[in-house]
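Content type compact mmCIF, C-alpha atoms, from the file work.txt:
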```txt
# COMPACT_ATOMS: atom_id res chain seq x y z
CA MET A 1 0.00 0.00 0.00
CA ASP A 2 1.21 3.48 -0.88
CA LEU A 3 1.94 5.17 2.44
CA ALA A 4 1.55 8.70 1.07
CA LEU A 5 -1.89 10.26 1.41
CA ASP A 6 -3.81 8.98 -1.61
CA LEU A 7 -6.65 11.31 -2.54
CA SER A 8 -7.14 9.77 -5.98
CA ASN A 9 -8.62 6.55 -4.62
CA PRO A 10 -11.56 6.88 -2.18
CA SER A 11 -11.38 3.26 -1.00
CA THR A 12 -7.71 3.66 -0.08
CA ALA A 13 -8.12 7.12 1.46
CA LEU A 14 -10.93 5.85 3.71
CA SER A 15 -9.37 2.57 4.77
CA LEU A 16 -8.68 2.55 8.51
CA PRO A 17 -5.05 1.33 8.16
CA HIS A 18 -4.35 4.18 5.75
CA ILE A 19 -6.05 6.71 8.04
CA ARG A 20 -4.18 5.45 11.12
CA TYR A 21 -0.86 5.74 9.30
CA GLN A 22 -1.64 9.31 8.23
CA LEU A 23 -2.61 10.26 11.79
CA ILE A 24 0.68 8.87 13.12
CA ARG A 25 2.61 10.82 10.48
CA LEU A 26 0.72 13.95 11.47
CA GLU A 27 1.73 13.39 15.11
CA ASP A 28 5.35 13.65 13.99
CA THR A 29 4.68 16.75 11.89
CA VAL A 30 2.86 18.54 14.71
CA LEU A 31 5.57 17.64 17.21
CA TYR A 32 8.45 18.78 14.98
CA HIS A 33 6.78 22.13 14.32
CA LEU A 34 6.00 22.60 18.02
CA ILE A 35 9.63 21.91 18.95
CA GLU A 36 10.67 24.52 16.38
CA ARG A 37 8.21 27.05 17.83
CA ALA A 38 9.20 26.32 21.44
CA GLN A 39 12.72 27.69 20.89
CA PHE A 40 11.27 31.24 20.76
CA PRO A 41 9.73 33.17 23.66
CA LEU A 42 5.95 33.48 23.75
CA ASN A 43 6.10 37.19 22.78
CA PRO A 44 2.51 38.29 23.60
CA ALA A 45 2.79 41.41 21.41
CA ILE A 46 2.57 39.40 18.18
CA TYR A 47 -0.85 38.05 19.24
CA THR A 48 -2.26 41.47 20.23
CA PRO A 49 -4.15 43.39 17.52
CA GLY A 50 -2.68 46.85 17.09
CA ALA A 51 0.49 46.14 19.06
CA LEU A 52 2.56 46.25 15.86
CA ALA A 53 1.84 48.66 13.01
CA LEU A 54 0.81 46.74 9.89
CA PRO A 55 -0.05 47.95 6.37
CA ASN A 56 -3.82 48.37 5.95
CA SER A 57 -4.62 45.87 8.69
CA THR A 58 -5.91 45.78 12.25
CA LEU A 59 -4.94 42.13 12.76
CA SER A 60 -2.36 40.93 15.22
CA PHE A 61 1.07 40.35 13.67
CA SER A 62 0.69 36.56 13.97
CA ASP A 63 -2.72 36.62 12.26
CA TRP A 64 -1.41 38.94 9.54
CA VAL A 65 1.47 36.58 8.73
CA LEU A 66 -0.90 33.59 8.69
CA ARG A 67 -3.41 35.40 6.46
CA GLU A 68 -0.73 36.52 3.99
CA GLN A 69 0.64 32.97 3.81
CA GLU A 70 -2.85 31.61 3.13
CA LYS A 71 -3.42 34.16 0.37
CA LEU A 72 -0.35 32.85 -1.44
CA GLN A 73 -1.07 29.19 -0.69
CA SER A 74 -4.63 29.51 -1.97
CA GLN A 75 -3.24 30.47 -5.38
CA ILE A 76 -1.19 27.28 -5.64
CA ARG A 77 -4.01 24.83 -4.77
CA ARG A 78 -3.31 24.16 -1.08
CA PHE A 79 -6.93 24.54 -0.06
CA GLN A 80 -8.28 22.50 -2.94
CA SER A 81 -7.15 19.41 -1.06
CA PRO A 82 -9.93 17.89 1.09
CA ASP A 83 -7.56 17.64 4.08
CA GLU A 84 -6.66 21.37 4.18
CA TYR A 85 -8.80 24.17 5.63
CA PRO A 86 -8.00 27.90 5.81
CA PHE A 87 -8.08 30.04 8.93
CA PHE A 88 -8.99 33.09 6.82
CA GLU A 89 -11.58 32.07 4.26
CA ASP A 90 -11.92 35.68 3.12
CA ALA A 91 -8.26 35.63 2.04
CA MET A 92 -8.73 32.97 -0.65
CA GLN A 93 -7.46 34.06 -4.08
CA PRO A 94 -8.02 32.78 -7.65
CA LEU A 95 -5.80 29.88 -8.66
CA ILE A 96 -2.73 30.47 -10.78
CA LEU A 97 -2.30 26.71 -11.32
CA PRO A 98 -4.85 24.55 -13.15
CA LYS A 99 -7.61 23.29 -10.88
CA LEU A 100 -7.35 19.67 -9.75
CA GLU A 101 -10.37 17.39 -9.87
CA TYR A 102 -10.41 15.05 -6.89
CA PRO A 103 -12.88 12.17 -6.68
CA ARG A 104 -15.48 12.64 -3.96
CA ILE A 105 -14.02 11.21 -0.77
CA LEU A 106 -15.80 13.29 1.87
CA TRP A 107 -19.46 14.30 1.92
CA ALA A 108 -20.21 17.97 1.30
CA ASN A 109 -19.96 19.82 4.63
CA SER A 110 -19.19 23.19 6.20
CA VAL A 111 -17.20 22.01 9.23
CA ASN A 112 -14.21 24.21 10.07
CA VAL A 113 -13.02 24.57 13.69
CA ASN A 114 -9.93 26.63 12.92
CA GLN A 115 -11.00 29.73 14.85
CA GLU A 116 -11.46 27.74 18.05
CA LEU A 117 -8.21 25.87 17.36
CA LYS A 118 -6.33 29.16 16.95
CA ARG A 119 -7.81 30.56 20.15
CA ARG A 120 -6.73 27.50 22.11
CA TYR A 121 -3.30 27.53 20.46
CA VAL A 122 -2.56 31.10 21.51
CA GLN A 123 -4.21 31.08 24.93
CA GLU A 124 -3.54 27.56 26.17
CA ILE A 125 -1.20 25.45 24.04
CA LEU A 126 1.66 27.93 23.57
CA PRO A 127 1.91 28.97 27.24
CA GLN A 128 2.43 25.30 28.12
CA CYS A 129 5.19 24.80 25.58
CA CYS A 130 7.10 28.07 25.11
CA VAL A 131 9.79 29.90 27.03
CA LYS A 132 8.30 32.67 29.15
CA PRO A 133 9.42 36.25 28.35
CA GLN A 134 12.34 37.41 30.47
CA ARG A 135 12.03 40.28 32.93
CA SER A 136 14.36 43.23 33.05
CA GLU A 137 16.04 44.50 36.21
CA ARG A 138 13.05 46.84 36.65
CA GLY A 139 10.68 43.91 36.55
CA ARG A 140 9.22 44.69 33.13
CA VAL A 141 8.73 41.92 30.61
CA GLU A 142 11.39 42.04 27.90
CA GLU A 143 10.22 40.56 24.62
CA ALA A 144 12.65 39.11 22.10
CA GLN A 145 11.62 41.46 19.30
CA GLU A 146 14.21 40.00 16.97
CA ASN A 147 12.21 36.76 17.07
CA TYR A 148 8.85 38.22 16.06
CA GLY A 149 9.12 37.06 12.44
CA SER A 150 10.58 33.66 13.28
CA ALA A 151 7.95 33.00 15.95
CA ALA A 152 5.06 34.02 13.69
CA THR A 153 6.40 31.87 10.85
CA ALA A 154 6.70 28.91 13.21
CA ASP A 155 3.13 29.60 14.35
CA VAL A 156 1.91 29.21 10.77
CA ASN A 157 3.50 25.77 10.54
CA CYS A 158 2.12 24.72 13.93
CA LEU A 159 -1.40 25.94 13.25
CA GLN A 160 -1.64 24.44 9.79
CA SER A 161 -0.33 21.04 10.89
CA LEU A 162 -2.71 21.06 13.88
CA SER A 163 -5.59 22.05 11.62
CA ARG A 164 -4.82 19.23 9.21
CA ARG A 165 -4.63 16.75 12.10
CA VAL A 166 -7.91 17.89 13.64
CA HIS A 167 -9.84 18.01 10.36
CA PHE A 168 -8.57 14.57 9.41
CA GLY A 169 -11.39 13.54 11.73
CA LYS A 170 -13.64 13.88 8.68
CA PHE A 171 -11.89 10.93 7.05
CA VAL A 172 -12.30 8.93 10.26
CA ALA A 173 -16.00 9.83 10.47
CA GLU A 174 -16.68 8.98 6.83
CA SER A 175 -14.91 5.64 7.16
CA LYS A 176 -16.88 4.78 10.30
CA PHE A 177 -20.15 5.87 8.70
CA GLN A 178 -19.61 3.74 5.61
CA SER A 179 -18.71 0.76 7.81
CA ALA A 180 -21.84 1.02 9.97
CA PRO A 181 -24.58 3.29 8.57
CA GLU A 182 -27.14 1.29 10.55
CA THR A 183 -25.49 2.62 13.73
CA PHE A 184 -25.13 6.25 12.71
CA VAL A 185 -28.25 6.99 10.64
CA PRO A 186 -30.71 6.72 13.58
CA LEU A 187 -28.41 8.80 15.80
CA ILE A 188 -28.05 11.51 13.15
CA ARG A 189 -31.78 11.60 12.45
CA ALA A 190 -32.45 11.98 16.18
CA GLY A 191 -29.86 14.75 16.50
CA ASP A 192 -28.21 12.65 19.20
CA THR A 193 -24.76 14.24 19.26
CA ALA A 194 -23.91 12.57 22.57
CA GLY A 195 -24.76 9.19 21.07
CA ILE A 196 -22.65 9.89 18.01
CA ASP A 197 -19.75 10.95 20.23
CA ALA A 198 -20.05 7.71 22.19
CA ALA A 199 -20.18 5.66 18.98
CA ILE A 200 -16.96 7.18 17.59
CA THR A 201 -15.01 7.12 20.88
CA ASP A 202 -12.45 4.44 21.66
CA LYS A 203 -10.80 5.25 24.99
CA LYS A 204 -8.14 2.54 24.56
CA VAL A 205 -7.04 4.01 21.22
CA GLU A 206 -6.96 7.52 22.70
CA GLN A 207 -4.78 6.32 25.59
CA LYS A 208 -2.38 4.63 23.17
CA VAL A 209 -2.09 7.87 21.22
CA LEU A 210 -1.16 9.79 24.38
CA GLU A 211 1.37 7.16 25.44
CA ARG A 212 2.96 7.10 22.00
CA LEU A 213 3.09 10.89 21.85
CA LYS A 214 4.80 11.12 25.24
CA VAL A 215 7.54 8.73 24.08
CA LYS A 216 8.00 10.72 20.87
CA ALA A 217 8.17 14.05 22.71
CA GLU A 218 10.74 12.65 25.15
CA THR A 219 12.78 11.25 22.25
CA TYR A 220 12.58 14.12 19.76
CA GLY A 221 12.97 16.81 22.41
CA VAL A 222 16.59 15.91 23.19
CA ASP A 223 19.47 15.69 20.70
CA PRO A 224 21.16 12.25 20.79
CA GLY A 225 24.62 13.79 21.16
CA MET A 226 23.72 15.97 24.15
CA ASP A 227 24.14 15.20 27.82
CA ALA A 228 21.40 12.90 29.10
CA GLU A 229 20.58 15.53 31.71
CA ALA A 230 20.08 18.26 29.12
CA PRO A 231 16.61 19.83 29.29
CA SER A 232 14.08 18.90 26.63
CA LYS A 233 13.47 21.40 23.85
CA VAL A 234 9.74 21.07 24.47
CA ASN A 235 7.55 20.60 27.53
CA VAL A 236 6.67 16.90 27.23
CA GLU A 237 3.71 17.11 29.58
CA GLY A 238 2.50 20.15 27.69
CA VAL A 239 2.57 18.21 24.42
CA VAL A 240 0.56 15.37 25.95
CA ALA A 241 -1.90 17.87 27.44
CA MET A 242 -2.23 19.51 24.02
CA TYR A 243 -3.47 16.24 22.53
CA LYS A 244 -5.55 15.20 25.52
CA ASP A 245 -7.28 18.55 26.11
CA HIS A 246 -7.38 20.03 22.61
CA VAL A 247 -6.42 17.87 19.61
CA ILE A 248 -8.49 14.79 20.49
CA PRO A 249 -11.57 16.74 21.71
CA LEU A 250 -11.53 19.05 18.66
CA THR A 251 -11.11 16.07 16.33
CA LYS A 252 -14.19 14.48 17.89
CA ILE A 253 -16.13 17.74 17.47
CA VAL A 254 -15.18 17.67 13.78
CA GLU A 255 -16.33 14.05 13.49
CA VAL A 256 -19.67 14.69 15.20
CA GLU A 257 -20.42 17.88 13.25
CA TYR A 258 -19.44 16.17 9.99
CA LEU A 259 -21.73 13.23 10.69
CA MET A 260 -24.60 15.58 11.59
CA GLN A 261 -24.39 16.82 7.97
CA ARG A 262 -23.82 13.39 6.44
CA LEU A 263 -27.43 12.56 5.51
CA LYS A 264 -28.01 15.64 3.34
CA GLY A 265 -28.83 14.60 -0.19
CA THR A 266 -28.96 10.88 0.64
CA GLU A 267 -31.79 8.33 0.77
CA TRP A 268 -31.69 8.66 4.58
CA GLU A 269 -32.39 12.39 4.70
```

Written as structure tokens, that's how I'd like the structure from this file.
Amino acid sequence: MDLALDLSNPSTALSLPHIRYQLIRLEDTVLYHLIERAQFPLNPAIYTPGALALPNSTLSFSDWVLREQEKLQSQIRRFQSPDEYPFFEDAMQPLILPKLEYPRILWANSVNVNQELKRRYVQEILPQCCVKPQRSERGRVEEAQENYGSAATADVNCLQSLSRRVHFGKFVAESKFQSAPETFVPLIRAGDTAGIDAAITDKKVEQKVLERLKVKAETYGVDPGMDAEAPSKVNVEGVVAMYKDHVIPLTKIVEVEYLMQRLKGTEWE
């Protein structure tokens, strides 16, 4: 089986072994980007609208960098892919490359949790994983202004990899629906979101994910050639908490909301 994400073949893209492999790969991607981001101080100013003067914009510096990146990426087909979702939908631009025609893998839906993901990233995830700003002799917080651009660029990579991981829940939900429509159709018709959540939840799998992620964070966070007592480049417990408190719950929200829209235009509607 081709281990790269195969969007040309719906049966392959929705097979559980293929999905599991992609989710494990995304764990690595998220972790690498988070380690890269954690080397820079939190720098609250880049998340505060108006704190830095920007051309024709009232956004925070971090949001401005993300929006400008998405404008460019939208022109080269990034958001045509069914596993990519923008944070700034109003920034989408006409394509400069020929449009790609993907076979229908996911059902038509409007699920996008990126705004909530970004809020949690700035307010909860980063403070757990980043170096706190240093204080001057007068007690004032000293920001590393020379790192503003680097930190914001690293934020783009973190946010986009997290978004892809969370929205991959749509593939999981579609696969589960096709495997057992008799389970999900009555729940969807009844609007039973709690029942859907229970049907898609596997606590043993979630625990294995957290255990695997902790090992990876402990391993990737320290260079092999460094002293064994050297501090990790990332807060391991913070990484685990990120998945437990944010990534897994948001993924399940995506799955439930996707399934709530799954019957539109079908014989079950």

- Kindly give the distance, in Å, that separates atom CA of A:Leu7 and atom CA of A:Ala108, rounded to a single decimal.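 Between atom CA of A:Leu7 and atom CA of A:Ala108 the gap works out to 15.6 Å.
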
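Candidate residues A:Thr183, A:Ser161, A:Ser232, A:Asn109 were compared for distance to A:Val254, and the nearest is A:Asn109, using all atoms listed in the file.
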
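With atom CA of A:Leu72 on one side and atom CA of A:Glu101 on the other, the separation reads 20.3 Å.
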
- Item | 10 Å contact set for A:Met260, all atoms listed in the file, chain neighbours under 3 positions out, as number ranges by chain | A: 109, 184-185, 187-193, 196, 254-257, 263-264

- Item | Atom-to-atom span, atom CA of A:Ser81 and atom CA of A:Val122, Å |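 If I compute the distance from atom CA of A:Ser81 to atom CA of A:Val122, I get 25.8 Å.
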
- Message: List the spatial neighbours of stretch 175-180 of chain A as number ranges by chain - criterion: any atom at most 7 Å away, only C-alpha atoms, same-chain residues fewer than 4 positions off excluded.
- Response: A: 14-15, 171, 184

- Proximity to A:Val236 - best of A:Val222, A:Leu42, A:Ala217, A:Leu100, all atoms listed in the file: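 The closest residue to A:Val236 is A:Ala217.
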
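Residues in contact with A:Leu5 at up to 8 Å, not including ones fewer than 5 positions away on its chain and judged by all atoms listed in the file, are Ala13, His18 and Gln22 of chain A.
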